[in-house]
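Peer 1: My questions all concern the structure below.
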Amino acid sequence: MSIDAPSHLDLPEHVRRFPFPFPHDRYMYSVNVEPGRNPSQTAAGRWGERILEVDGFYLQDLEARAAVLDRDPSRAAQMSHMRPGVWGALHLVLTELAATYPEWMAYERHGDRCRWTNRLQQLQTDFIVGADYSLPEGPLRFLSTQVQDDFALLNLREGALWLDAGVVTFAADWSMGFDVGLPFSEIHGPVPRAADLGVIDRAEQFLLNLQPGDPYRRTNWTMTVDRRMDTSTESYPEWAQDRSLVATDPALPDRLHLRVEVQHLIKVPTTGDLLFLVRTHLLSLRELAAVPAWGRRLAEVLRTLPEDLADYKGIARYRDAAARWLQEADAA
Ligand code: HEM
């Protein structure tokens with residue numbers, strides 16, 4: 001740990017548990033997977049020992065998701081052959097939640113009859129596995145009301161993975177409605193350097209060999225203006241212009257956030273589908289700079305990020321201003 005790390009007790013919980021994603025001063029794409037429950041030490045604290053993280057933003061994030069789904073139901077999609085897959089994913093996620101948070105959540109199952117209790121939502125509901133009518137919003141939407149994570153289910157056939165179901169309301173500039181039904185390789189078509197680096201092909205091989213009960217995870221990152229969770233292609237007109245305006249806004253350190261996705265990759269035992277959980281964390285530059293080792297590292301990453309990656313991530317207009325502010329904050 002860095003010698004200038006502040007006392008952990010001074011930092012709020014969401015900073016101490018922030019999944020700071022940069023092991024080096026320079027960033028490049030890689031198949032950066034690691035075991036799904038590995039505790040990860042950072043300069044501010046620790047994260048990663050749980051698959052599902054329920055934090056102080058739980059109710060706020062779920063409210064934001066419900067509002068997005070009300071406005072635009074295309075963020076939830078399910079191909080007809082995915083009914084067993086969705087039930088399998090729901091069972092897996094509720095089991096994991098109850099095991100991780102027994103003080104708030106309980107999951108009882110007798111045959112196909114289940115009872116789910118979630119005290120954070122004052123919720124108790126009974127349902128029958130496989131009977132979509134037994135959950136008023138159906139199993140896919142119901143799952144999206146219990147975890148902060150977006151999720152996708154990928155079906156394995158013809159030797160490839162196909163994105164055939166999911167609820168994604170907090171996409172970092174992509175569209176669930178557009179990608180549903182596409183194979184893994186095509187979904188990653190827009191990623192720069194993907195073919196040259198071989199990252200996407202190697203990632204798919206890795207995922208095809210994943211075993212049930214052996215979850216993995218990786219992080220991905222970009223930046224977002226304000227605490228905006230929904231930066232999907234569909235809502236682009238609402239957020240795109242902020243990317244130009246923020247560069248000269250005196251409020252830049254409070255408005256600009258490092259956006260980190262903790263992505264879990266889990267093989268669902270009952271169906272063999274791949275469950276892809278995407279949990280989005282946001283931390284403003286000012287909060288980040290409270291941990292000097294983080295501020296310095298992010299400044300270096302932003303300064304040295306190749307132009308094509310900065311363009312693809314949509315951060316080209318403000319990354320220099322952000323790096324400058326971080327360097328000045330460090331020198332102050
Ligand atoms: C984007 C790698 C798994 C969906 C990306 C990017 C990389 C990447 C490097 C570019 C990110 C950026 O610069 O911000 C990987 C690796 C994986 C993996 C190494 C597994 C080991 C998945 C899975 C899905 C997925 C399972 C399932 C849906 C996407 C999407 C994008 C993306 C939708 C955005 C593409 C766009 O611009 O439209 N991925 N990925 N990834 N990935 Fe993955």
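For the structure tokens, the naming scheme is as follows: chains receive sequential letters (A, B, ...) according to their order of presentation, residues are indexed from 1 within each chain, and ligands are indexed from 1 in presentation order.
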So which residues of range 16-226 of chain A fall under alpha helix (DSSP H) by DSSP, listed as a PyMOL selection string?
Peer 2: chain A and resi 16+58-71+83-100+138-144+176-179+184-187+194-197+199-208
Peer 1: Report as JSON lines: every residue of range 150-220 of chain A with an atom at most 6 Å from range 64-76 of chain A, its closest pair of atoms, and their distance in Å to one decimal, counting only C-alpha atoms, with rows sorted by chain and ascending residue number.
Peer 2:
{"residue": "A:Gly166", "atom": "CA", "partner": "A:Ala76", "partner_atom": "CA", "distance": 5.8}
{"residue": "A:Val167", "atom": "CA", "partner": "A:Ala76", "partner_atom": "CA", "distance": 4.2}
{"residue": "A:Val168", "atom": "CA", "partner": "A:Arg75", "partner_atom": "CA", "distance": 5.4}
{"residue": "A:Thr169", "atom": "CA", "partner": "A:Arg75", "partner_atom": "CA", "distance": 5.8}
{"residue": "A:Met176", "atom": "CA", "partner": "A:Arg75", "partner_atom": "CA", "distance": 5.7}
{"residue": "A:Gly177", "atom": "CA", "partner": "A:Ser74", "partner_atom": "CA", "distance": 5.5}
Peer 1: Counting only C-alpha atoms and all ligand atoms, which of A:Glu328, A:Glu204, A:Asp230, A:Asp254 gets nearest to ligand 1?
Peer 2: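 Using only C-alpha atoms and all ligand atoms, the shortest distance to ligand 1 belongs to A:Glu204.
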Peer 1: Distance limit 8 Å, reference ligand 1, atoms considered: only C-alpha atoms and all ligand atoms. Which residues make the cut? Give them as an MDAnalysis selection string.
Peer 2: chainID A and resid 29:33 152:154 163 171:176 179 184 187:192 194 199:200 202:204 206:207 217:218 220:222 263 265 274:276 309 312:313
Peer 1: Please save N, CA and C atoms of the selected residues as a tab-separated table (two decimals), in the first residue's frame.
Peer 2:
chain	number	residue	atom	x	y	z
A	29	TYR	N	-6.06	-2.96	-23.52
A	29	TYR	CA	-6.98	-4.08	-23.40
A	29	TYR	C	-6.23	-5.38	-23.17
A	30	SER	N	-6.82	-6.27	-22.37
A	30	SER	CA	-6.27	-7.60	-22.17
A	30	SER	C	-7.41	-8.50	-21.69
A	31	VAL	N	-7.17	-9.80	-21.63
A	31	VAL	CA	-8.18	-10.71	-21.07
A	31	VAL	C	-7.94	-10.70	-19.55
A	32	ASN	N	-8.37	-9.64	-18.92
A	32	ASN	CA	-8.03	-9.40	-17.51
A	32	ASN	C	-9.02	-10.10	-16.58
A	33	VAL	N	-9.03	-11.43	-16.65
A	33	VAL	CA	-9.96	-12.17	-15.78
A	33	VAL	C	-9.25	-12.68	-14.54
A	152	ALA	N	-26.74	-10.10	-18.51
A	152	ALA	CA	-27.01	-10.68	-19.82
A	152	ALA	C	-26.82	-12.18	-19.71
A	153	LEU	N	-27.60	-12.92	-20.49
A	153	LEU	CA	-27.43	-14.37	-20.55
A	153	LEU	C	-26.99	-14.74	-21.95
A	154	LEU	N	-25.90	-15.49	-22.01
A	154	LEU	CA	-25.38	-15.90	-23.31
A	154	LEU	C	-25.55	-17.41	-23.46
A	163	LEU	N	-25.82	-13.65	-27.28
A	163	LEU	CA	-26.50	-12.82	-26.26
A	163	LEU	C	-28.02	-12.92	-26.48
A	171	ALA	N	-26.00	0.73	-19.54
A	171	ALA	CA	-24.95	0.42	-20.51
A	171	ALA	C	-24.01	1.61	-20.69
A	172	ALA	N	-22.71	1.31	-20.84
A	172	ALA	CA	-21.73	2.35	-21.14
A	172	ALA	C	-21.64	2.48	-22.66
A	173	ASP	N	-22.58	3.24	-23.22
A	173	ASP	CA	-22.60	3.56	-24.65
A	173	ASP	C	-22.75	2.34	-25.56
A	174	TRP	N	-23.67	1.44	-25.24
A	174	TRP	CA	-24.08	0.40	-26.19
A	174	TRP	C	-25.56	0.13	-25.97
A	175	SER	N	-26.12	-0.74	-26.81
A	175	SER	CA	-27.56	-0.93	-26.79
A	175	SER	C	-27.92	-2.40	-26.67
A	176	MET	N	-28.61	-2.75	-25.59
A	176	MET	CA	-29.08	-4.11	-25.41
A	176	MET	C	-30.05	-4.49	-26.54
A	179	ASP	N	-28.05	-5.35	-29.58
A	179	ASP	CA	-27.13	-6.49	-29.49
A	179	ASP	C	-27.81	-7.83	-29.24
A	184	PHE	N	-21.05	-13.27	-29.56
A	184	PHE	CA	-20.02	-12.57	-28.80
A	184	PHE	C	-19.06	-11.79	-29.72
A	187	ILE	N	-20.78	-8.69	-31.20
A	187	ILE	CA	-21.03	-7.68	-30.16
A	187	ILE	C	-19.80	-6.83	-29.95
A	188	HIS	N	-18.63	-7.47	-30.05
A	188	HIS	CA	-17.37	-6.76	-29.81
A	188	HIS	C	-16.79	-6.13	-31.07
A	189	GLY	N	-17.57	-6.17	-32.17
A	189	GLY	CA	-17.10	-5.60	-33.44
A	189	GLY	C	-16.59	-4.17	-33.32
A	190	PRO	N	-17.28	-3.27	-32.55
A	190	PRO	CA	-16.83	-1.86	-32.51
A	190	PRO	C	-15.56	-1.63	-31.67
A	191	VAL	N	-15.08	-2.62	-30.94
A	191	VAL	CA	-13.95	-2.39	-30.02
A	191	VAL	C	-12.66	-2.21	-30.83
A	192	PRO	N	-11.94	-1.08	-30.69
A	192	PRO	CA	-10.73	-0.87	-31.49
A	192	PRO	C	-9.64	-1.88	-31.11
A	194	ALA	N	-9.41	-4.86	-31.42
A	194	ALA	CA	-9.84	-6.16	-30.90
A	194	ALA	C	-9.22	-7.30	-31.72
A	199	VAL	N	-7.76	-10.21	-28.30
A	199	VAL	CA	-8.35	-10.25	-26.95
A	199	VAL	C	-9.74	-10.90	-26.97
A	200	ILE	N	-10.54	-10.55	-27.97
A	200	ILE	CA	-11.92	-11.02	-27.96
A	200	ILE	C	-11.99	-12.51	-28.27
A	202	ARG	N	-9.63	-14.72	-27.61
A	202	ARG	CA	-9.13	-15.44	-26.43
A	202	ARG	C	-10.16	-15.42	-25.31
A	203	ALA	N	-10.85	-14.26	-25.17
A	203	ALA	CA	-11.88	-14.16	-24.13
A	203	ALA	C	-12.98	-15.19	-24.39
A	204	GLU	N	-13.39	-15.32	-25.66
A	204	GLU	CA	-14.49	-16.27	-25.94
A	204	GLU	C	-14.03	-17.71	-25.65
A	206	PHE	N	-11.89	-18.61	-23.44
A	206	PHE	CA	-11.90	-18.72	-21.98
A	206	PHE	C	-13.33	-18.97	-21.48
A	207	LEU	N	-14.27	-18.20	-22.00
A	207	LEU	CA	-15.65	-18.32	-21.52
A	207	LEU	C	-16.28	-19.66	-21.90
A	217	ARG	N	-14.20	-12.91	-12.84
A	217	ARG	CA	-14.62	-11.52	-13.01
A	217	ARG	C	-13.53	-10.75	-13.73
A	218	ARG	N	-13.93	-9.60	-14.23
A	218	ARG	CA	-12.98	-8.65	-14.79
A	218	ARG	C	-13.50	-7.25	-14.55
A	220	ASN	N	-13.91	-3.27	-16.30
A	220	ASN	CA	-13.80	-2.42	-17.48
A	220	ASN	C	-14.03	-1.00	-16.99
A	221	TRP	N	-13.62	0.01	-17.74
A	221	TRP	CA	-13.78	1.38	-17.24
A	221	TRP	C	-14.01	2.36	-18.37
A	222	THR	N	-14.63	3.48	-17.99
A	222	THR	CA	-14.72	4.65	-18.85
A	222	THR	C	-14.96	5.84	-17.92
A	263	GLN	N	-17.44	-6.90	-13.75
A	263	GLN	CA	-18.21	-7.83	-14.58
A	263	GLN	C	-17.94	-9.26	-14.11
A	265	LEU	N	-18.56	-13.37	-14.55
A	265	LEU	CA	-18.80	-14.34	-15.61
A	265	LEU	C	-19.05	-15.69	-14.95
A	274	LEU	N	-24.14	-18.73	-20.02
A	274	LEU	CA	-23.19	-17.86	-19.32
A	274	LEU	C	-23.95	-16.65	-18.79
A	275	LEU	N	-23.87	-16.44	-17.49
A	275	LEU	CA	-24.48	-15.25	-16.87
A	275	LEU	C	-23.40	-14.18	-16.75
A	276	PHE	N	-23.69	-13.03	-17.34
A	276	PHE	CA	-22.73	-11.91	-17.36
A	276	PHE	C	-23.35	-10.80	-16.51
A	309	LEU	N	-8.37	4.54	-28.35
A	309	LEU	CA	-9.12	4.06	-27.18
A	309	LEU	C	-9.88	5.22	-26.52
A	312	TYR	N	-12.93	5.90	-28.64
A	312	TYR	CA	-13.94	4.85	-28.48
A	312	TYR	C	-14.66	4.99	-27.13
A	313	LYS	N	-13.91	5.31	-26.09
A	313	LYS	CA	-14.51	5.45	-24.76
A	313	LYS	C	-15.29	6.76	-24.61
Peer 1: Would you please work out which residue, of A:Ala160, A:Leu210, A:Val262, A:Met82, is nearest to Arg17 in chain A when using only C-alpha atoms?
Peer 2: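 Ranked by minimum distance to Arg17 in chain A, first place goes to A:Val262.
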Peer 1: Any chance you could list, as a ChimeraX atom specification, the residues in range 133-287 of chain A that come up strand (DSSP E or B) when DSSP is run on the backbone?
Peer 2: /A:150-157,160-167,172,183,216-225,231,256-267,274-284
Peer 1: To one decimal place in Å, what is the distance between CA of Met229 in chain A and CA of Val268 in chain A?
Peer 2: 26.9 Å
Peer 1: I'd like the contact shell of Tyr318 in chain A - 12 Å cut-off, only C-alpha atoms, skipping same-chain residues fewer than 6 positions apart - returned as a list in words.
Peer 2: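 Counting only the stated atoms, we get Met223, Thr224, Val225, Gln241, Asp242, Arg243, Ser244, Leu245, Val246, Ala247, Thr248, Asp249, Leu252, Pro253, Arg255, Leu256, His257, Leu302, Arg303, Ala310, Asp311, Arg324 and Trp325 of chain A.
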Peer 1: Could the residues in this selection be saved with N, CA, C and O atoms as a compact mmCIF listing (two decimals), in the first residue's frame?
Peer 2:
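Output contents, as saved in again.txt:
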# COMPACT_ATOMS: atom_id res chain seq x y z
N MET A 223 -15.43 6.96 -18.44
CA MET A 223 -15.76 8.09 -17.57
C MET A 223 -17.15 8.59 -17.91
O MET A 223 -17.63 8.42 -19.04
N THR A 224 -17.81 9.21 -16.92
CA THR A 224 -19.18 9.68 -17.09
C THR A 224 -19.33 11.04 -16.42
O THR A 224 -18.79 11.24 -15.33
N VAL A 225 -20.07 11.92 -17.08
CA VAL A 225 -20.36 13.22 -16.48
C VAL A 225 -21.58 13.05 -15.55
O VAL A 225 -22.62 12.54 -15.98
N GLN A 241 -23.78 15.82 -25.09
CA GLN A 241 -23.16 17.16 -25.16
C GLN A 241 -22.42 17.53 -23.87
O GLN A 241 -21.52 18.36 -23.89
N ASP A 242 -22.78 16.89 -22.75
CA ASP A 242 -22.05 17.15 -21.50
C ASP A 242 -20.56 16.83 -21.64
O ASP A 242 -19.73 17.40 -20.94
N ARG A 243 -20.25 15.90 -22.54
CA ARG A 243 -18.84 15.50 -22.70
C ARG A 243 -17.99 16.65 -23.22
O ARG A 243 -16.80 16.72 -22.95
N SER A 244 -18.60 17.57 -24.02
CA SER A 244 -17.85 18.74 -24.48
C SER A 244 -17.87 19.82 -23.41
O SER A 244 -16.84 20.46 -23.14
N LEU A 245 -19.03 20.04 -22.81
CA LEU A 245 -19.19 21.16 -21.88
C LEU A 245 -18.35 20.99 -20.62
O LEU A 245 -17.84 21.97 -20.07
N VAL A 246 -18.16 19.74 -20.18
CA VAL A 246 -17.53 19.55 -18.87
C VAL A 246 -16.05 19.96 -18.86
O VAL A 246 -15.51 20.34 -17.81
N ALA A 247 -15.40 19.92 -20.04
CA ALA A 247 -13.95 20.18 -20.08
C ALA A 247 -13.61 21.55 -19.52
O ALA A 247 -12.57 21.74 -18.88
N THR A 248 -14.50 22.53 -19.73
CA THR A 248 -14.21 23.89 -19.27
C THR A 248 -15.09 24.29 -18.07
O THR A 248 -15.09 25.44 -17.65
N ASP A 249 -15.83 23.34 -17.54
CA ASP A 249 -16.72 23.63 -16.41
C ASP A 249 -15.89 23.64 -15.11
O ASP A 249 -15.19 22.67 -14.82
N LEU A 252 -15.82 20.62 -12.93
CA LEU A 252 -15.32 19.35 -13.50
C LEU A 252 -14.97 18.28 -12.44
O LEU A 252 -15.40 17.14 -12.58
N PRO A 253 -14.21 18.62 -11.38
CA PRO A 253 -13.84 17.54 -10.45
C PRO A 253 -15.02 16.92 -9.72
O PRO A 253 -14.92 15.78 -9.25
N ARG A 255 -18.19 16.87 -11.24
CA ARG A 255 -19.11 16.32 -12.25
C ARG A 255 -18.53 15.09 -12.95
O ARG A 255 -19.28 14.19 -13.33
N LEU A 256 -17.21 15.08 -13.13
CA LEU A 256 -16.62 13.99 -13.89
C LEU A 256 -16.33 12.79 -12.97
O LEU A 256 -15.73 12.96 -11.91
N HIS A 257 -16.79 11.61 -13.41
CA HIS A 257 -16.64 10.40 -12.59
C HIS A 257 -15.86 9.33 -13.35
O HIS A 257 -16.07 9.16 -14.56
N LEU A 302 -4.82 8.53 -18.09
CA LEU A 302 -5.52 9.43 -19.02
C LEU A 302 -4.54 10.10 -19.98
O LEU A 302 -4.81 10.26 -21.16
N ARG A 303 -3.39 10.50 -19.44
CA ARG A 303 -2.39 11.20 -20.25
C ARG A 303 -1.85 10.32 -21.37
O ARG A 303 -1.58 10.77 -22.45
N ALA A 310 -9.23 6.40 -26.46
CA ALA A 310 -9.90 7.56 -25.85
C ALA A 310 -11.14 7.95 -26.67
O ALA A 310 -12.19 8.26 -26.10
N ASP A 311 -11.01 7.87 -28.01
CA ASP A 311 -12.17 8.19 -28.87
C ASP A 311 -13.29 7.17 -28.63
O ASP A 311 -14.45 7.53 -28.48
N ARG A 324 -5.00 17.11 -15.98
CA ARG A 324 -4.41 18.33 -15.42
C ARG A 324 -4.95 18.60 -14.03
O ARG A 324 -4.20 18.88 -13.09
N TRP A 325 -6.27 18.48 -13.87
CA TRP A 325 -6.85 18.75 -12.55
C TRP A 325 -6.29 17.76 -11.51
O TRP A 325 -5.93 18.16 -10.39
Peer 1: List the neighbours of His81 in chain A out to 10 Å using only C-alpha atoms; skip same-chain residues closer than 2 positions along the sequence, and give me the result as a list in words.
Peer 2: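 Counting only C-alpha atoms, the residues come to Gln78, Met79, Arg83, Pro84, Gly85, Val86, Asn155, Asp164 and Ala165 of chain A.
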Peer 1: Those same residues - N, CA and C atoms - I'd like them written as a PDB file, in the first residue's frame.
Peer 2:
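Contents of the output file out-v4.pdb:
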ATOM      1  N   GLN A  78     -35.606 -10.929 -24.187  1.00  0.00           N
ATOM      2  CA  GLN A  78     -35.493 -12.365 -23.930  1.00  0.00           C
ATOM      3  C   GLN A  78     -35.978 -13.125 -25.152  1.00  0.00           C
ATOM      4  N   MET A  79     -35.100 -13.930 -25.737  1.00  0.00           N
ATOM      5  CA  MET A  79     -35.546 -14.773 -26.852  1.00  0.00           C
ATOM      6  C   MET A  79     -36.303 -15.963 -26.268  1.00  0.00           C
ATOM      7  N   ARG A  83     -36.349 -19.189 -21.695  1.00  0.00           N
ATOM      8  CA  ARG A  83     -37.143 -19.270 -20.456  1.00  0.00           C
ATOM      9  C   ARG A  83     -36.427 -20.092 -19.373  1.00  0.00           C
ATOM     10  N   PRO A  84     -35.956 -21.323 -19.678  1.00  0.00           N
ATOM     11  CA  PRO A  84     -35.247 -22.083 -18.623  1.00  0.00           C
ATOM     12  C   PRO A  84     -33.987 -21.346 -18.169  1.00  0.00           C
ATOM     13  N   GLY A  85     -33.303 -20.689 -19.095  1.00  0.00           N
ATOM     14  CA  GLY A  85     -32.069 -19.963 -18.760  1.00  0.00           C
ATOM     15  C   GLY A  85     -32.338 -18.842 -17.767  1.00  0.00           C
ATOM     16  N   VAL A  86     -33.439 -18.124 -17.972  1.00  0.00           N
ATOM     17  CA  VAL A  86     -33.757 -17.013 -17.082  1.00  0.00           C
ATOM     18  C   VAL A  86     -34.117 -17.541 -15.690  1.00  0.00           C
ATOM     19  N   ASN A 155     -26.216 -17.780 -24.566  1.00  0.00           N
ATOM     20  CA  ASN A 155     -26.503 -19.177 -24.839  1.00  0.00           C
ATOM     21  C   ASN A 155     -25.357 -19.765 -25.669  1.00  0.00           C
ATOM     22  N   ASP A 164     -28.680 -13.771 -25.697  1.00  0.00           N
ATOM     23  CA  ASP A 164     -30.076 -14.089 -26.004  1.00  0.00           C
ATOM     24  C   ASP A 164     -31.076 -13.590 -24.963  1.00  0.00           C
ATOM     25  N   ALA A 165     -30.608 -13.010 -23.874  1.00  0.00           N
ATOM     26  CA  ALA A 165     -31.551 -12.457 -22.879  1.00  0.00           C
ATOM     27  C   ALA A 165     -30.793 -11.510 -21.951  1.00  0.00           C
TER      28      ALA A 165
END
Peer 1: Which one of A:Ser80, A:Pro39, A:Glu234, A:Tyr216 sits closest to Phe178 in chain A if you count only C-alpha atoms?
Peer 2: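 Closest to Phe178 in chain A of all the choices is A:Glu234.
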Peer 1: Hey, can you check how far CA of Glu307 in chain A sits from CA of Val291 in chain A?
Peer 2: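 Taking CA of Glu307 in chain A and CA of Val291 in chain A, their separation equals 26.8 Å.
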Peer 1: Figure out the distance between CA of Pro21 in chain A and CA of Glu287 in chain A, please, to one decimal in Å.
Peer 2: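 Taking CA of Glu287 in chain A and CA of Pro21 in chain A, their separation equals 15.3 Å.
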